[in-house]
Amino acid sequence: MPASPTATPEHIKDVNTRYHDAAADSYDAKWGIDFGDIGQHQVALKLKKALGEMPETLGDTLEIGAGTGYFSLNLATQGLIGSLTATDISPGMLKSLARTAKQLDFPVKTVVTEAEVLPFEDESFDTVIGHAVLHHIPDLDQAFSEFFRVLRPGGRIVFCGEPSRYGDRLAAVPKRTGNLLAPVWRRLVGADTLEHTEEEMADDEHSLEPEVDVHAFVPADLRAIPPRSGFVDTKVNGEELVANVWGWGMRSMESTATPETIPLRWRNFAFKSYIAFQKVDNNVLEPHLPAELFYNLLLSAKKPASHK
Ligand SMILES: C[S@@+](CC[C@H](N)C(=O)[O-])C[C@H]1O[C@@H](n2cnc3c(N)ncnc32)[C@H](O)[C@@H]1O
């Protein structure tokens with residue numbers, strides 16, 4: 001459910017900061033974020049789909065809404081990033097990113113900032129990237145003019161993991177089905193019911209969740225944004241359909257159980273089956289179906305090389 005249409009930009013940004021600060025420590029576990037081979041493979045595939053080719057390097061890279069580092073750190077550890085500046089509106093998420101970057105031994109500069117006002121000089125980066133962030137930003141035109149300003153001529157933007165309007169509606173079906181099947185599933189796998197205390201239900205992560213999202217995109221709307229700030233060569237593609245339906249169903253059931261009581265065998269099955277469905281999406285559906293049918297949208301565009 002998106003933020004109320006009457007919510008002010010300040011309220012949306014405040015809610016995003018508090019929600020993501022509260023979510024930071026459990027974020028990687030909740031979303032199954034991996035910083036090994038699987039995570040690297042996933043993000044490289046997204047980059048290739050968004051750009052239509054695999055770049056040798058993204059050079060000096062700025063990430064917007066970097067969160068705990070899923071996108072940029074997984075690109076960095078496979079040599080696809082020269083220098084990395086990771087930004088986010090949530091200090092908590094960046095703290096978690098810095099911890100992981102240290103473990104991965106990749107140097108990162110972290111800067112707490114919102115996307116619409118970037119504290120960087122003109123023409124300081126070769127690439128501006130982001131994953132699952134545009135849908136949280138109140139004024140996208142203002143943000144894209146900032147991306148354009150901080151990019152060097154010929155530089156590119158790459159944004160992946162943006163929810164499509166159709167995908168958002170579609171995800172409601174496995175979420176409902178997962179919740180309905182949850183009692184039977186818990187009995188079958190021997191997991192205990194997770195009882196939320198009133199205190200937990202009132203904490204920021206639970207109570208603010210419905211207010212953090214501002215947009216769900218149709219490809220035509222997303223495609224229209226970069227040219228308004230001067231970008232050229234805009235591309236929008238779609239990804240993930242059956243993997244997402246499956247993933248939301250699994251996650252909805254699992255979220256009703258005490259995490260420690262979910263058997264490892266089940267977790268392995270859920271993860272492997274999700275990866276198998278991702279292969280069906282990659283190899284069979286994505287090459288043939290229109291972008292709007294997919295759950296996630298990928299966007300890329302270029303700042304003209306001759307820009308002055
Ligand atoms: C769904 S999370 C995605 C995090 C990470 N990119 C990933 O894919 O795991 C969205 C991130 O965007 C950040 N965010 C939300 N609103 C923002 C804004 N206006 N400017 C910059 N970052 C923002 C949040 O704090 C959060 O870390």
# chains A, B, ... in the order shown; residues from 1 in each chain; ligands from 1
>>> residues_around(residues="Ile89 (chain A)", least_positions_apart="5", cutoff="10 Å", atoms="only C-alpha atoms", output="VMD selection string")
chain A and resid 13 to 14 16 to 18 20 to 21 64 to 67 94 111 to 115
>>> write_last_selection(atoms="C-alpha atoms", output="compact mmCIF listing (two decimals), in the first residue's frame")
# COMPACT_ATOMS: atom_id res chain seq x y z
CA LYS A 13 11.35 11.33 3.70
CA ASP A 14 11.04 11.32 7.49
CA ASN A 16 11.61 6.49 5.02
CA THR A 17 14.48 7.45 7.32
CA ARG A 18 12.82 6.06 10.46
CA HIS A 20 14.85 2.01 7.19
CA ASP A 21 16.83 2.87 10.34
CA ILE A 64 21.53 6.42 -4.45
CA GLY A 65 19.53 4.72 -1.65
CA ALA A 66 22.33 2.19 -1.27
CA GLY A 67 20.75 0.53 1.77
CA LEU A 94 24.70 3.05 5.67
CA VAL A 111 27.32 9.90 2.75
CA VAL A 112 23.94 10.40 4.41
CA THR A 113 21.85 12.44 1.98
CA GLU A 114 18.52 12.46 0.21
CA ALA A 115 18.46 11.90 -3.55
>>> select_by_dssp(residues="region 68-135 of chain A", states="strand (DSSP E)", output="list in words")
Leu84, Thr85, Ala86, Thr87, Asp88, Val108, Lys109, Thr110, Val111, Val112, Phe125, Asp126, Thr127, Val128, Ile129, Gly130 and His131 of chain A
>>> atom_distance(atom1="CA of Leu51 (chain A)", atom2="atom 22 (N, counted along the ligand's line) of ligand 1")
22.4 Å
>>> residues_around(residues="Leu134 (chain A)", least_positions_apart="3", cutoff="12 Å", atoms="only C-alpha atoms", output="PyMOL selection string")
chain A and resi 63-66+88+114-116+129-131+137-144+158-164+212-217+222+225+296-299
>>> write_last_selection(atoms="N, CA and C atoms", output="compact mmCIF listing (two decimals), in the first residue's frame")
# COMPACT_ATOMS: atom_id res chain seq x y z
N GLU A 63 26.11 5.55 -5.63
CA GLU A 63 24.85 4.83 -5.46
C GLU A 63 23.87 5.67 -4.65
N ILE A 64 22.62 5.69 -5.13
CA ILE A 64 21.53 6.42 -4.45
C ILE A 64 20.69 5.39 -3.69
N GLY A 65 20.34 5.67 -2.45
CA GLY A 65 19.53 4.72 -1.65
C GLY A 65 20.21 3.38 -1.57
N ALA A 66 21.50 3.39 -1.21
CA ALA A 66 22.33 2.19 -1.27
C ALA A 66 21.91 1.12 -0.27
N ASP A 88 22.55 7.36 1.21
CA ASP A 88 21.22 6.91 1.63
C ASP A 88 20.66 7.96 2.58
N GLU A 114 19.67 12.83 1.01
CA GLU A 114 18.52 12.46 0.21
C GLU A 114 18.87 12.62 -1.27
N ALA A 115 18.13 11.92 -2.13
CA ALA A 115 18.46 11.90 -3.55
C ALA A 115 18.25 13.24 -4.24
N GLU A 116 17.35 14.04 -3.69
CA GLU A 116 16.97 15.27 -4.40
C GLU A 116 17.97 16.41 -4.23
N ILE A 129 24.02 4.84 -9.85
CA ILE A 129 23.23 3.59 -9.83
C ILE A 129 22.26 3.58 -8.64
N GLY A 130 21.30 2.66 -8.69
CA GLY A 130 20.39 2.49 -7.56
C GLY A 130 19.58 1.22 -7.74
N HIS A 131 19.12 0.66 -6.63
CA HIS A 131 18.29 -0.55 -6.68
C HIS A 131 17.14 -0.37 -5.70
N ILE A 137 11.16 8.07 -3.73
CA ILE A 137 11.59 9.48 -3.84
C ILE A 137 10.42 10.38 -4.24
N PRO A 138 10.08 11.38 -3.41
CA PRO A 138 8.91 12.20 -3.72
C PRO A 138 9.04 12.96 -5.05
N ASP A 139 10.16 13.69 -5.27
CA ASP A 139 10.25 14.52 -6.48
C ASP A 139 11.30 13.92 -7.43
N LEU A 140 10.83 13.07 -8.33
CA LEU A 140 11.78 12.35 -9.20
C LEU A 140 12.46 13.29 -10.19
N ASP A 141 11.75 14.31 -10.69
CA ASP A 141 12.39 15.23 -11.65
C ASP A 141 13.56 15.97 -11.00
N GLN A 142 13.37 16.37 -9.75
CA GLN A 142 14.45 17.06 -9.02
C GLN A 142 15.63 16.10 -8.83
N ALA A 143 15.33 14.85 -8.47
CA ALA A 143 16.40 13.86 -8.26
C ALA A 143 17.16 13.60 -9.56
N PHE A 144 16.44 13.43 -10.66
CA PHE A 144 17.12 13.14 -11.93
C PHE A 144 17.95 14.33 -12.40
N VAL A 158 21.90 3.87 -14.00
CA VAL A 158 21.35 2.51 -14.05
C VAL A 158 20.54 2.28 -12.78
N PHE A 159 19.22 2.13 -12.93
CA PHE A 159 18.36 1.84 -11.78
C PHE A 159 17.62 0.54 -12.02
N CYS A 160 17.71 -0.37 -11.04
CA CYS A 160 17.05 -1.68 -11.18
C CYS A 160 16.11 -1.90 -10.00
N GLY A 161 15.30 -2.95 -10.11
CA GLY A 161 14.44 -3.36 -8.99
C GLY A 161 13.34 -2.37 -8.65
N GLU A 162 12.83 -1.64 -9.65
CA GLU A 162 11.72 -0.71 -9.38
C GLU A 162 10.38 -1.42 -9.60
N PRO A 163 9.45 -1.32 -8.65
CA PRO A 163 8.19 -2.07 -8.78
C PRO A 163 7.33 -1.56 -9.93
N SER A 164 6.80 -2.48 -10.73
CA SER A 164 5.86 -2.06 -11.77
C SER A 164 4.46 -2.05 -11.17
N VAL A 212 6.00 3.96 3.25
CA VAL A 212 7.32 4.29 2.67
C VAL A 212 7.34 4.36 1.15
N ASP A 213 6.39 3.69 0.50
CA ASP A 213 6.40 3.67 -0.97
C ASP A 213 5.59 4.83 -1.53
N VAL A 214 6.13 5.48 -2.58
CA VAL A 214 5.39 6.60 -3.16
C VAL A 214 4.91 6.29 -4.57
N HIS A 215 5.71 5.52 -5.34
CA HIS A 215 5.33 5.26 -6.73
C HIS A 215 5.36 3.77 -7.03
N ALA A 216 4.49 3.35 -7.97
CA ALA A 216 4.67 2.07 -8.68
C ALA A 216 4.55 2.49 -10.14
N PHE A 217 5.47 2.02 -10.99
CA PHE A 217 5.60 2.63 -12.31
C PHE A 217 4.98 1.79 -13.43
N LEU A 222 8.09 5.77 -16.51
CA LEU A 222 9.50 5.73 -16.09
C LEU A 222 10.40 6.19 -17.24
N ILE A 225 10.86 10.05 -17.68
CA ILE A 225 11.51 10.91 -16.67
C ILE A 225 12.92 11.38 -17.09
N ASN A 296 9.49 -6.27 -11.66
CA ASN A 296 10.50 -5.22 -11.52
C ASN A 296 10.82 -4.55 -12.84
N LEU A 297 11.13 -3.25 -12.78
CA LEU A 297 11.55 -2.54 -13.99
C LEU A 297 13.00 -2.11 -13.84
N LEU A 298 13.73 -2.07 -14.97
CA LEU A 298 15.13 -1.66 -14.99
C LEU A 298 15.24 -0.47 -15.94
N LEU A 299 16.00 0.53 -15.53
CA LEU A 299 16.07 1.77 -16.31
C LEU A 299 17.53 2.15 -16.52
>>> closest_atom_pairs(of="region 4-92 of chain A", to="region 277-293 of chain A", cutoff="12 Å", atoms="only C-alpha atoms", output="JSON lines")
{"residue": "A:Ile38", "atom": "CA", "partner": "A:Gln278", "partner_atom": "CA", "distance": 11.9}
{"residue": "A:His41", "atom": "CA", "partner": "A:Gln278", "partner_atom": "CA", "distance": 11.8}
{"residue": "A:Gln42", "atom": "CA", "partner": "A:Gln278", "partner_atom": "CA", "distance": 9.6}
{"residue": "A:Leu45", "atom": "CA", "partner": "A:Asn282", "partner_atom": "CA", "distance": 9.1}
{"residue": "A:Lys46", "atom": "CA", "partner": "A:Asn282", "partner_atom": "CA", "distance": 10.2}
{"residue": "A:Lys48", "atom": "CA", "partner": "A:Asn282", "partner_atom": "CA", "distance": 11.8}
{"residue": "A:Lys49", "atom": "CA", "partner": "A:Asn282", "partner_atom": "CA", "distance": 9.7}
{"residue": "A:Ala50", "atom": "CA", "partner": "A:Ala291", "partner_atom": "CA", "distance": 11.7}
>>> write_last_selection(atoms="N, CA and C atoms", output="CSV table (one decimal), in the first residue's frame")
chain,number,residue,atom,x,y,z
A,38,ILE,N,26.1,-15.9,-5.4
A,38,ILE,CA,24.7,-15.7,-5.9
A,38,ILE,C,24.4,-14.3,-6.0
A,41,HIS,N,26.2,-12.7,-9.0
A,41,HIS,CA,25.6,-13.2,-10.3
A,41,HIS,C,24.3,-12.4,-10.5
A,42,GLN,N,23.4,-12.3,-9.5
A,42,GLN,CA,22.1,-11.6,-9.6
A,42,GLN,C,22.3,-10.2,-10.1
A,45,LEU,N,23.7,-9.7,-13.7
A,45,LEU,CA,22.6,-10.0,-14.7
A,45,LEU,C,21.7,-8.7,-14.8
A,46,LYS,N,21.4,-8.1,-13.7
A,46,LYS,CA,20.5,-6.9,-13.7
A,46,LYS,C,21.2,-5.8,-14.5
A,48,LYS,N,23.4,-6.0,-16.8
A,48,LYS,CA,23.5,-6.3,-18.2
A,48,LYS,C,22.1,-6.1,-18.9
A,49,LYS,N,21.1,-6.5,-18.2
A,49,LYS,CA,19.7,-6.3,-18.7
A,49,LYS,C,19.4,-4.9,-18.9
A,50,ALA,N,19.8,-4.1,-17.9
A,50,ALA,CA,19.4,-2.6,-17.9
A,50,ALA,C,20.2,-1.9,-19.0
>>> residues_around(residues="region 172-186 of chain A", least_positions_apart="5", cutoff="7 Å", atoms="only C-alpha atoms", output="PyMOL selection string")
chain A and resi 191-192+245+248-250+252-253+256
>>> decode(residues="region 152-177 of chain A", atoms="N, CA and C atoms", output="PDB file, in the first residue's frame")
ATOM      1  N   ARG A 152      29.591  12.986 -15.246  1.00  0.00           N
ATOM      2  CA  ARG A 152      30.467  13.535 -16.295  1.00  0.00           C
ATOM      3  C   ARG A 152      29.774  13.351 -17.648  1.00  0.00           C
ATOM      4  N   PRO A 153      30.114  14.173 -18.643  1.00  0.00           N
ATOM      5  CA  PRO A 153      29.539  13.964 -19.975  1.00  0.00           C
ATOM      6  C   PRO A 153      29.803  12.537 -20.437  1.00  0.00           C
ATOM      7  N   GLY A 154      28.783  11.903 -21.014  1.00  0.00           N
ATOM      8  CA  GLY A 154      28.916  10.494 -21.451  1.00  0.00           C
ATOM      9  C   GLY A 154      28.619   9.502 -20.331  1.00  0.00           C
ATOM     10  N   GLY A 155      28.400  10.001 -19.103  1.00  0.00           N
ATOM     11  CA  GLY A 155      28.114   9.118 -17.958  1.00  0.00           C
ATOM     12  C   GLY A 155      26.704   8.532 -18.041  1.00  0.00           C
ATOM     13  N   ARG A 156      26.492   7.479 -17.226  1.00  0.00           N
ATOM     14  CA  ARG A 156      25.198   6.791 -17.336  1.00  0.00           C
ATOM     15  C   ARG A 156      24.498   6.632 -15.984  1.00  0.00           C
ATOM     16  N   ILE A 157      23.184   6.477 -16.051  1.00  0.00           N
ATOM     17  CA  ILE A 157      22.423   6.078 -14.860  1.00  0.00           C
ATOM     18  C   ILE A 157      21.914   4.663 -15.073  1.00  0.00           C
ATOM     19  N   VAL A 158      21.899   3.875 -14.002  1.00  0.00           N
ATOM     20  CA  VAL A 158      21.351   2.512 -14.055  1.00  0.00           C
ATOM     21  C   VAL A 158      20.538   2.283 -12.784  1.00  0.00           C
ATOM     22  N   PHE A 159      19.224   2.128 -12.932  1.00  0.00           N
ATOM     23  CA  PHE A 159      18.363   1.841 -11.778  1.00  0.00           C
ATOM     24  C   PHE A 159      17.622   0.535 -12.017  1.00  0.00           C
ATOM     25  N   CYS A 160      17.706  -0.374 -11.043  1.00  0.00           N
ATOM     26  CA  CYS A 160      17.050  -1.683 -11.176  1.00  0.00           C
ATOM     27  C   CYS A 160      16.106  -1.902  -9.997  1.00  0.00           C
ATOM     28  N   GLY A 161      15.296  -2.953 -10.114  1.00  0.00           N
ATOM     29  CA  GLY A 161      14.442  -3.363  -8.990  1.00  0.00           C
ATOM     30  C   GLY A 161      13.340  -2.375  -8.651  1.00  0.00           C
ATOM     31  N   GLU A 162      12.825  -1.643  -9.653  1.00  0.00           N
ATOM     32  CA  GLU A 162      11.719  -0.711  -9.376  1.00  0.00           C
ATOM     33  C   GLU A 162      10.385  -1.419  -9.604  1.00  0.00           C
ATOM     34  N   PRO A 163       9.446  -1.325  -8.651  1.00  0.00           N
ATOM     35  CA  PRO A 163       8.195  -2.073  -8.778  1.00  0.00           C
ATOM     36  C   PRO A 163       7.326  -1.557  -9.925  1.00  0.00           C
ATOM     37  N   SER A 164       6.803  -2.478 -10.728  1.00  0.00           N
ATOM     38  CA  SER A 164       5.864  -2.056 -11.774  1.00  0.00           C
ATOM     39  C   SER A 164       4.462  -2.053 -11.175  1.00  0.00           C
ATOM     40  N   ARG A 165       3.581  -1.236 -11.746  1.00  0.00           N
ATOM     41  CA  ARG A 165       2.227  -1.120 -11.179  1.00  0.00           C
ATOM     42  C   ARG A 165       1.518  -2.470 -11.237  1.00  0.00           C
ATOM     43  N   TYR A 166       1.691  -3.157 -12.379  1.00  0.00           N
ATOM     44  CA  TYR A 166       1.043  -4.460 -12.547  1.00  0.00           C
ATOM     45  C   TYR A 166       1.630  -5.474 -11.566  1.00  0.00           C
ATOM     46  N   GLY A 167       2.979  -5.449 -11.426  1.00  0.00           N
ATOM     47  CA  GLY A 167       3.651  -6.397 -10.529  1.00  0.00           C
ATOM     48  C   GLY A 167       3.220  -6.204  -9.088  1.00  0.00           C
ATOM     49  N   ASP A 168       3.029  -4.938  -8.716  1.00  0.00           N
ATOM     50  CA  ASP A 168       2.598  -4.619  -7.356  1.00  0.00           C
ATOM     51  C   ASP A 168       1.235  -5.250  -7.069  1.00  0.00           C
ATOM     52  N   ARG A 169       0.321  -5.141  -8.076  1.00  0.00           N
ATOM     53  CA  ARG A 169      -1.020  -5.727  -7.883  1.00  0.00           C
ATOM     54  C   ARG A 169      -0.928  -7.240  -7.867  1.00  0.00           C
ATOM     55  N   LEU A 170      -0.083  -7.762  -8.763  1.00  0.00           N
ATOM     56  CA  LEU A 170       0.053  -9.216  -8.867  1.00  0.00           C
ATOM     57  C   LEU A 170       0.582  -9.817  -7.565  1.00  0.00           C
ATOM     58  N   ALA A 171       1.513  -9.104  -6.918  1.00  0.00           N
ATOM     59  CA  ALA A 171       2.135  -9.638  -5.696  1.00  0.00           C
ATOM     60  C   ALA A 171       1.113  -9.816  -4.569  1.00  0.00           C
ATOM     61  N   ALA A 172      -0.013  -9.073  -4.648  1.00  0.00           N
ATOM     62  CA  ALA A 172      -1.034  -9.185  -3.594  1.00  0.00           C
ATOM     63  C   ALA A 172      -1.608 -10.609  -3.563  1.00  0.00           C
ATOM     64  N   VAL A 173      -1.645 -11.287  -4.721  1.00  0.00           N
ATOM     65  CA  VAL A 173      -2.270 -12.626  -4.786  1.00  0.00           C
ATOM     66  C   VAL A 173      -1.441 -13.656  -3.999  1.00  0.00           C
ATOM     67  N   PRO A 174      -0.120 -13.824  -4.288  1.00  0.00           N
ATOM     68  CA  PRO A 174       0.642 -14.785  -3.477  1.00  0.00           C
ATOM     69  C   PRO A 174       0.761 -14.378  -2.008  1.00  0.00           C
ATOM     70  N   LYS A 175       0.711 -13.060  -1.743  1.00  0.00           N
ATOM     71  CA  LYS A 175       0.784 -12.642  -0.336  1.00  0.00           C
ATOM     72  C   LYS A 175      -0.454 -13.152   0.399  1.00  0.00           C
ATOM     73  N   ARG A 176      -1.636 -12.966  -0.230  1.00  0.00           N
ATOM     74  CA  ARG A 176      -2.884 -13.432   0.408  1.00  0.00           C
ATOM     75  C   ARG A 176      -2.894 -14.948   0.519  1.00  0.00           C
ATOM     76  N   THR A 177      -2.493 -15.618  -0.574  1.00  0.00           N
ATOM     77  CA  THR A 177      -2.506 -17.090  -0.579  1.00  0.00           C
ATOM     78  C   THR A 177      -1.535 -17.628   0.479  1.00  0.00           C
TER      79      THR A 177
END
